[in-house]
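A quick write-up on the structure given underneath.
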Amino acid sequence: VQKSPNAITPRFTLAELYAAKGRYADAIVQYEEILKVQPDTAAVLLGRGRALMAMGELDAAAADFQTVIDGAVDKEMAGYDQQREGAYYSLGAVTLKQGDPKKAAEHLASAVLINRTDADALYLLGKALSGFATGLLAMTVLVIGTTLALGADWGHPLGVALGAQVLAIEGLVATQRARALAAHASALRRVGRADESVAEFEEALARYQALGARRREAFVLLMLGNLRRDQGKFGEG
């Protein structure tokens, strides 16, 4: 850096090393030198935001994360942008620290929409959801339901735990409750808790039938059939 003060890559590497060693103030100095030359660079803003967050400068950190999110909105691949996902995750973490779990859940759900296998975002989303118990944005339930039912390998207790947290929330409307039941049943199935999975799929089926949601009813019937086949109960499938 001393030999080539205008070289961006060595300065960014130095900033990242400082941050990794907990020298956040020194890291911020380096990030800001880069931003003088390349303002609004996502990787640098993320780095500075995380350093600021580590120092307790939550409002300043949130501003950096929001800048990354806003800068990616019009990009063609915004729905797959991992830096944008990281910004949503970090903004969710900041908002949770600031005592607003509902807003944090919105940001974290947005992160999960981009990367459905981000275990850190899913874990933090679970913590955010547990912080309020009166209703839930439909989008958040939809994201969790889709993630649990269709995501990566949910042979992990995290899938079951998140589903249980959703079901514990009061104020879910009928469609949200049915979707959450089906998602949690899928997670239970993947960890080998077949009897519990059948019970929750059956409850979800009854709710979908009452709602007239034929497509979702068909999905649950398929899952029940597969479960009963696995259990050797062919006649019930």
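Chain labels run A, B, ... following the order of the structure tokens; each chain numbers its residues from 1, and ligands are numbered from 1 in the order shown.
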
- Message: If we count only C-alpha atoms and set the cut-off at 9 Å, which residues sit around Ile34 of chain A, ignoring sequence neighbours fewer than 2 positions away in its own chain? Please answer as JSON, numbers by chain.
- Response: {"A": [6, 7, 8, 11, 12, 29, 30, 31, 32, 36, 37, 38, 39, 41, 44]}

Those selected residues, please, written with N, CA, C and O atoms and delivered as a compact mmCIF listing (two decimals), in the first residue's frame.
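File selection-v2.txt, as written:
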```txt
# COMPACT_ATOMS: atom_id res chain seq x y z
N ASN A 6 -2.37 4.30 -4.58
CA ASN A 6 -3.60 4.38 -5.38
C ASN A 6 -4.09 3.01 -5.85
O ASN A 6 -5.09 2.92 -6.56
N ALA A 7 -3.37 1.95 -5.49
CA ALA A 7 -3.78 0.60 -5.89
C ALA A 7 -4.91 0.13 -4.99
O ALA A 7 -4.77 0.08 -3.76
N ILE A 8 -6.04 -0.19 -5.60
CA ILE A 8 -7.25 -0.51 -4.84
C ILE A 8 -7.16 -1.88 -4.19
O ILE A 8 -7.47 -2.05 -3.01
N ARG A 11 -5.06 -2.26 -0.99
CA ARG A 11 -5.66 -1.51 0.12
C ARG A 11 -6.89 -2.25 0.66
O ARG A 11 -7.12 -2.30 1.87
N PHE A 12 -7.67 -2.83 -0.26
CA PHE A 12 -8.85 -3.58 0.18
C PHE A 12 -8.43 -4.82 0.96
O PHE A 12 -9.02 -5.15 1.99
N VAL A 29 -10.44 3.18 8.02
CA VAL A 29 -9.57 4.16 7.34
C VAL A 29 -9.25 3.69 5.93
O VAL A 29 -9.32 4.46 4.96
N GLN A 30 -8.91 2.42 5.78
CA GLN A 30 -8.57 1.89 4.46
C GLN A 30 -9.79 1.83 3.54
O GLN A 30 -9.71 2.17 2.35
N TYR A 31 -10.93 1.39 4.08
CA TYR A 31 -12.14 1.36 3.26
C TYR A 31 -12.48 2.76 2.75
O TYR A 31 -12.87 2.93 1.58
N GLU A 32 -12.32 3.74 3.60
CA GLU A 32 -12.71 5.10 3.21
C GLU A 32 -11.75 5.68 2.17
O GLU A 32 -12.18 6.46 1.31
N LYS A 36 -13.06 7.01 -1.62
CA LYS A 36 -12.76 8.32 -2.22
C LYS A 36 -12.55 8.20 -3.71
O LYS A 36 -12.85 9.10 -4.48
N VAL A 37 -12.01 7.03 -4.12
CA VAL A 37 -11.71 6.79 -5.53
C VAL A 37 -12.87 6.08 -6.22
O VAL A 37 -13.23 6.39 -7.36
N GLN A 38 -13.47 5.12 -5.52
CA GLN A 38 -14.57 4.33 -6.09
C GLN A 38 -15.76 4.36 -5.13
O GLN A 38 -16.00 3.41 -4.38
N PRO A 39 -16.49 5.45 -5.14
CA PRO A 39 -17.64 5.55 -4.23
C PRO A 39 -18.71 4.52 -4.56
O PRO A 39 -18.87 4.14 -5.72
N THR A 41 -18.86 1.37 -3.97
CA THR A 41 -18.42 0.02 -4.30
C THR A 41 -18.98 -0.94 -3.26
O THR A 41 -18.70 -0.82 -2.06
N VAL A 44 -16.76 -2.82 -0.64
CA VAL A 44 -16.12 -1.90 0.31
C VAL A 44 -17.15 -1.38 1.31
O VAL A 44 -16.88 -1.29 2.51
```

- Tell me, as a PyMOL selection string, which residues lie within 12 Å of Glu202 of chain A, counting only C-alpha atoms; anything in the same chain fewer than 3 positions away does not count. chain A and resi 178+181-182+185-186+195-199+205-209+217+219-225+227-228

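Considering only C-alpha atoms, the residue among A:Ala119, A:Ala180, A:Leu35, A:Ala213 positioned nearest to Glu200 of chain A is A:Ala180.
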
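Atom CA of Asp230 of chain A is positioned 14.8 Å from atom CA of Phe201 of chain A.
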
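With atom CA of Pro101 of chain A on one side and atom CA of Leu129 of chain A on the other, the separation reads 6.8 Å.
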
- Query: Between A:Ala174, A:Ala72, A:Ala61, A:Ala183, which is the closest to Gly212 of chain A once you count only C-alpha atoms?
  - Reply: A:Ala174
